[in-house]
file entry_21.cif (mmCIF, C-alpha atoms)
data_query
#
loop_
_atom_site.label_atom_id
_atom_site.label_comp_id
_atom_site.auth_asym_id
_atom_site.auth_seq_id
_atom_site.Cartn_x
_atom_site.Cartn_y
_atom_site.Cartn_z
CA MET H 1141 0.00 0.00 0.00
CA LYS H 1142 1.37 3.38 -0.97
CA GLU H 1143 0.13 6.25 1.18
CA GLU H 1144 0.07 8.71 -1.68
CA GLU H 1145 -2.39 6.46 -3.55
CA HIS H 1146 -5.00 6.88 -0.83
CA GLY H 1147 -5.85 10.27 -2.28
CA ASP H 1148 -8.56 11.68 -0.01
CA ASP H 1149 -8.11 15.45 0.28
CA ASP H 1150 -10.24 15.75 3.43
CA PRO H 1151 -7.69 15.55 6.28
CA VAL H 1152 -9.91 13.55 8.64
CA ASN H 1153 -10.96 11.04 5.98
CA HIS H 1154 -7.35 10.84 4.81
CA VAL H 1155 -5.86 9.91 8.19
CA LEU H 1156 -8.74 7.65 9.19
CA GLY H 1157 -8.62 5.84 5.86
CA LEU H 1158 -4.87 5.31 5.94
CA SER H 1159 -4.80 4.26 9.60
CA ARG H 1160 -7.52 1.69 8.84
CA LEU H 1161 -5.67 0.38 5.78
CA LYS H 1162 -2.49 0.03 7.82
CA ALA H 1163 -4.21 -1.88 10.62
CA LEU H 1164 -6.12 -4.18 8.26
CA SER H 1165 -3.03 -4.86 6.14
CA VAL H 1166 -1.53 -6.92 8.98
CA ARG H 1167 -4.70 -8.31 10.58
CA ASP H 1168 -4.26 -11.79 9.09
CA LYS H 1169 -0.87 -12.13 10.80
CA PHE H 1170 -2.40 -12.09 14.30
CA GLN H 1171 -4.96 -14.31 16.00
CA ASP H 1172 -5.52 -12.24 19.12
CA GLY H 1173 -4.69 -8.88 20.66
CA TYR H 1174 -5.25 -5.41 19.32
CA ILE H 1175 -3.70 -4.07 16.13
CA LEU H 1176 -3.03 -0.34 15.86
CA GLY H 1177 -2.81 1.55 12.60
CA ALA H 1178 -1.84 5.23 12.69
CA ASP H 1179 -1.19 8.00 10.20
CA THR H 1180 -0.15 11.61 10.77
CA ILE H 1181 -0.32 14.48 8.29
CA VAL H 1182 0.40 18.21 8.23
CA VAL H 1183 -2.20 20.50 6.65
CA PHE H 1184 -1.43 24.09 5.66
CA ASP H 1185 -3.87 26.34 3.81
CA GLY H 1186 -5.99 23.30 3.00
CA GLU H 1187 -3.09 21.40 1.44
CA ILE H 1188 -1.69 18.15 2.84
CA LEU H 1189 2.08 18.49 3.17
CA GLU H 1190 3.69 15.09 2.73
CA LYS H 1191 7.29 14.16 3.44
CA PRO H 1192 9.60 16.26 1.25
CA ALA H 1193 11.10 14.55 -1.79
CA SER H 1194 14.15 16.83 -1.79
CA GLU H 1195 15.94 19.48 0.25
CA ARG H 1196 14.47 22.06 -2.12
CA GLU H 1197 10.96 20.85 -1.31
CA ALA H 1198 11.74 20.87 2.44
CA ARG H 1199 13.02 24.46 2.14
CA GLY H 1200 9.81 25.47 0.37
CA MET H 1201 7.60 23.86 3.03
CA LEU H 1202 9.52 25.38 5.93
CA THR H 1203 9.50 28.80 4.26
CA ARG H 1204 5.71 28.57 3.89
CA LEU H 1205 5.21 27.40 7.49
CA ALA H 1206 7.54 29.96 9.10
CA GLY H 1207 5.61 32.47 11.18
CA ARG H 1208 2.32 30.71 10.50
CA THR H 1209 0.02 28.18 12.13
CA HIS H 1210 -0.89 24.87 10.53
CA LEU H 1211 -2.79 21.76 11.62
CA VAL H 1212 -1.55 18.27 12.40
CA PHE H 1213 -4.00 15.37 12.13
CA THR H 1214 -3.42 11.82 13.33
CA GLY H 1215 -5.86 9.05 12.60
CA LEU H 1216 -5.91 5.89 14.70
CA THR H 1217 -7.61 2.59 13.98
CA LEU H 1218 -7.69 -0.17 16.54
CA VAL H 1219 -8.73 -3.67 15.45
CA ASP H 1220 -9.42 -6.69 17.66
CA ALA H 1221 -7.58 -9.46 15.80
CA ALA H 1222 -9.78 -12.21 17.26
CA THR H 1223 -13.16 -10.71 16.37
CA GLY H 1224 -12.40 -8.23 13.60
CA MET H 1225 -14.22 -5.51 15.54
CA GLU H 1226 -12.66 -2.11 15.10
CA THR H 1227 -12.87 1.46 16.24
CA GLY H 1228 -11.14 4.62 15.13
CA GLY H 1229 -10.69 8.26 15.86
CA TYR H 1230 -8.48 11.22 15.17
CA GLU H 1231 -6.77 14.11 16.89
CA LYS H 1232 -6.21 17.62 15.52
CA THR H 1233 -3.55 20.02 16.85
CA GLY H 1234 -2.55 23.54 15.83
CA VAL H 1235 1.17 24.22 15.54
CA THR H 1236 2.84 27.58 15.00
CA ILE H 1237 6.32 27.61 13.53
CA ARG H 1238 8.39 30.65 14.50
CA GLU H 1239 9.76 33.13 11.98
CA MET H 1240 13.03 31.79 10.56
CA SER H 1241 15.74 33.22 8.36
CA THR H 1242 16.89 31.42 5.23
CA GLU H 1243 20.09 30.51 7.09
CA GLU H 1244 18.12 28.96 9.97
CA ILE H 1245 15.99 26.96 7.56
CA ASP H 1246 19.09 25.73 5.72
CA ALA H 1247 20.79 24.82 9.01
CA TYR H 1248 17.73 22.80 10.07
CA ILE H 1249 17.60 21.03 6.71
CA GLY H 1250 21.32 20.31 7.16
CA THR H 1251 20.49 18.14 10.17
CA GLY H 1252 18.66 15.75 7.83
CA GLU H 1253 15.68 15.66 10.17
CA PRO H 1254 13.12 17.25 7.82
CA MET H 1255 13.61 14.67 5.10
CA ASP H 1256 11.43 11.93 6.57
CA LYS H 1257 8.79 14.09 8.26
CA ALA H 1258 5.43 15.28 7.00
CA GLY H 1259 5.62 19.05 6.72
CA SER H 1260 9.44 18.88 6.87
CA TYR H 1261 9.84 19.10 10.64
CA GLY H 1262 9.88 16.90 13.73
CA ILE H 1263 8.79 18.51 16.98
CA GLN H 1264 10.55 15.86 19.08
CA GLY H 1265 13.98 16.51 17.61
CA TYR H 1266 15.89 19.56 16.44
CA GLY H 1267 12.53 20.89 15.26
CA ALA H 1268 11.61 21.63 18.86
CA ALA H 1269 13.61 24.84 18.41
CA ILE H 1270 11.41 26.03 15.54
CA VAL H 1271 8.01 25.38 17.12
CA GLU H 1272 6.68 28.50 18.78
CA ARG H 1273 3.32 27.19 20.02
CA VAL H 1274 1.25 24.02 20.20
CA GLU H 1275 -2.51 24.27 20.61
CA GLY H 1276 -3.80 20.86 21.60
CA CYS H 1277 -2.12 17.50 22.03
CA TYR H 1278 1.69 17.61 21.80
CA PHE H 1279 1.84 13.83 21.38
CA ASN H 1280 -0.39 14.12 18.32
CA VAL H 1281 2.34 16.19 16.65
CA VAL H 1282 4.88 13.51 17.56
CA GLY H 1283 2.56 11.01 15.84
CA LEU H 1284 0.74 9.10 18.58
CA PRO H 1285 -1.94 10.92 20.57
CA VAL H 1286 -1.75 8.76 23.68
CA VAL H 1287 -4.95 9.95 25.39
CA ARG H 1288 -6.96 9.37 22.19
CA LEU H 1289 -5.43 5.89 21.93
CA LEU H 1290 -6.39 5.07 25.53
CA LYS H 1291 -9.99 6.16 24.81
CA LEU H 1292 -10.08 3.88 21.77
CA ILE H 1293 -8.73 0.95 23.79
CA ARG H 1294 -11.46 1.47 26.39
CA GLU H 1295 -14.06 1.72 23.63
CA LEU H 1296 -12.91 -1.50 21.96
CA ASP H 1297 -12.67 -3.23 25.35
CA SER H 1298 -16.32 -2.37 26.03
CA ILE H 1299 -17.37 -3.68 22.59
CA CYS H 1300 -15.27 -6.87 22.66
CA GLY H 1301 -14.97 -7.52 26.38
CA GLY H 1302 -11.17 -7.22 26.24
CA SER H 1303 -8.79 -9.22 24.11
#

call {"tool": "encode", "arguments": {"input": "entry_21.cif", "output": "structure tokens"}}
result
Amino acid sequence: MKEEEHGDDDPVNHVLGLSRLKALSVRDKFQDGYILGADTIVVFDGEILEKPASEREARGMLTRLAGRTHLVFTGLTLVDAATGMETGGYEKTGVTIREMSTEEIDAYIGTGEPMDKAGSYGIQGYGAAIVERVEGCYFNVVGLPVVRLLKLIRELDSICGGS
């Protein structure tokens, strides 16, 4: 499964669809327990910003994000391997990237960190120095909104009686 082939432009449908595909893609490998699928995206001005394909693309994304607020969405799907029952949800967080000079952007790109991150930054690494404000769940920006996951586990436990 290639993520870019999912193709839903609505951020919520996009992350929920991909998280479900990820969870179901491995379901047959397990007989019991819960399977978690997750997907995180960055959305700026209505556009989904994927992982950059080049340093040039990373520079463009970071230049656009600098001094502005964008949204981070993570979709989670939890599947009970024994019963096939599933539940899902998402988290949305606002993130403001501070103003940055061209030199600061280039120095950050030089760390290599932006190259495998949606939106070209990672809040849990060197990117912590470029994030000015987080409105909502910090762990969502990292890629796993823990409180949302715990709610989904409780929900699936109540449906399936635990697994």

call {"tool": "atom_distance", "arguments": {"input": "entry_21.cif", "atom1": "CA of Ile1181 in chain H", "atom2": "CA of Leu1164 in chain H"}}
result
19.5 Å

call {"tool": "resolve_selection", "arguments": {"input": "entry_21.cif", "expression": "the PyMOL selection byres ((chain H and resi 1220-1226) around 9)", "output": "MDAnalysis selection string"}}
result
chainID H and resid 1160 1167:1175 1217:1219 1227:1228 1296 1299:1300 1302:1303

call {"tool": "atom_distance", "arguments": {"input": "entry_21.cif", "atom1": "CA of Gly1157 in chain H", "atom2": "CA of Phe1213 in chain H"}}
result
12.3 Å

call {"tool": "atom_distance", "arguments": {"input": "entry_21.cif", "atom1": "CA of Val1274 in chain H", "atom2": "CA of Phe1184 in chain H"}}
result
14.8 Å

call {"tool": "residues_around", "arguments": {"input": "entry_21.cif", "residues": "Val1281 in chain H", "least_positions_apart": "5", "cutoff": "10 Å", "atoms": "only C-alpha atoms", "output": "number ranges by chain"}}
result
H: 1180-1182, 1211-1214, 1231-1235, 1262-1264, 1274, 1276

call {"tool": "closest_residue", "arguments": {"input": "entry_21.cif", "among": "H:Leu1158, H:Ala1178, H:Ile1245, H:Gly1265", "to": "Glu1195 in chain H", "atoms": "only C-alpha atoms"}}
result
H:Ile1245

call {"tool": "closest_residue", "arguments": {"input": "entry_21.cif", "among": "H:Thr1251, H:Ser1159, H:Ser1165, H:Ser1260", "to": "Arg1199 in chain H", "atoms": "all atoms listed in the file"}}
result
H:Ser1260

call {"tool": "resolve_selection", "arguments": {"input": "entry_21.cif", "expression": "the PyMOL selection byres ((chain H and resi 1236) around 7)", "output": "PyMOL selection string"}}
result
chain H and resi 1207-1210+1234-1235+1237-1238+1271-1274

call {"tool": "write_last_selection", "arguments": {"input": "entry_21.cif", "atoms": "C-alpha atoms", "output": "PDB file, in the frame of the given file"}}
result
ATOM      1  CA  GLY H1207       5.610  32.470  11.180  1.00  0.00           C
ATOM      2  CA  ARG H1208       2.320  30.710  10.500  1.00  0.00           C
ATOM      3  CA  THR H1209       0.020  28.180  12.130  1.00  0.00           C
ATOM      4  CA  HIS H1210      -0.890  24.870  10.530  1.00  0.00           C
ATOM      5  CA  GLY H1234      -2.550  23.540  15.830  1.00  0.00           C
ATOM      6  CA  VAL H1235       1.170  24.220  15.540  1.00  0.00           C
ATOM      7  CA  ILE H1237       6.320  27.610  13.530  1.00  0.00           C
ATOM      8  CA  ARG H1238       8.390  30.650  14.500  1.00  0.00           C
ATOM      9  CA  VAL H1271       8.010  25.380  17.120  1.00  0.00           C
ATOM     10  CA  GLU H1272       6.680  28.500  18.780  1.00  0.00           C
ATOM     11  CA  ARG H1273       3.320  27.190  20.020  1.00  0.00           C
ATOM     12  CA  VAL H1274       1.250  24.020  20.200  1.00  0.00           C
TER      13      VAL H1274
END

call {"tool": "closest_residue", "arguments": {"input": "entry_21.cif", "among": "H:Ala1163, H:Val1183, H:Ile1249, H:Leu1189", "to": "Ile1270 in chain H", "atoms": "only C-alpha atoms"}}
result
H:Ile1249
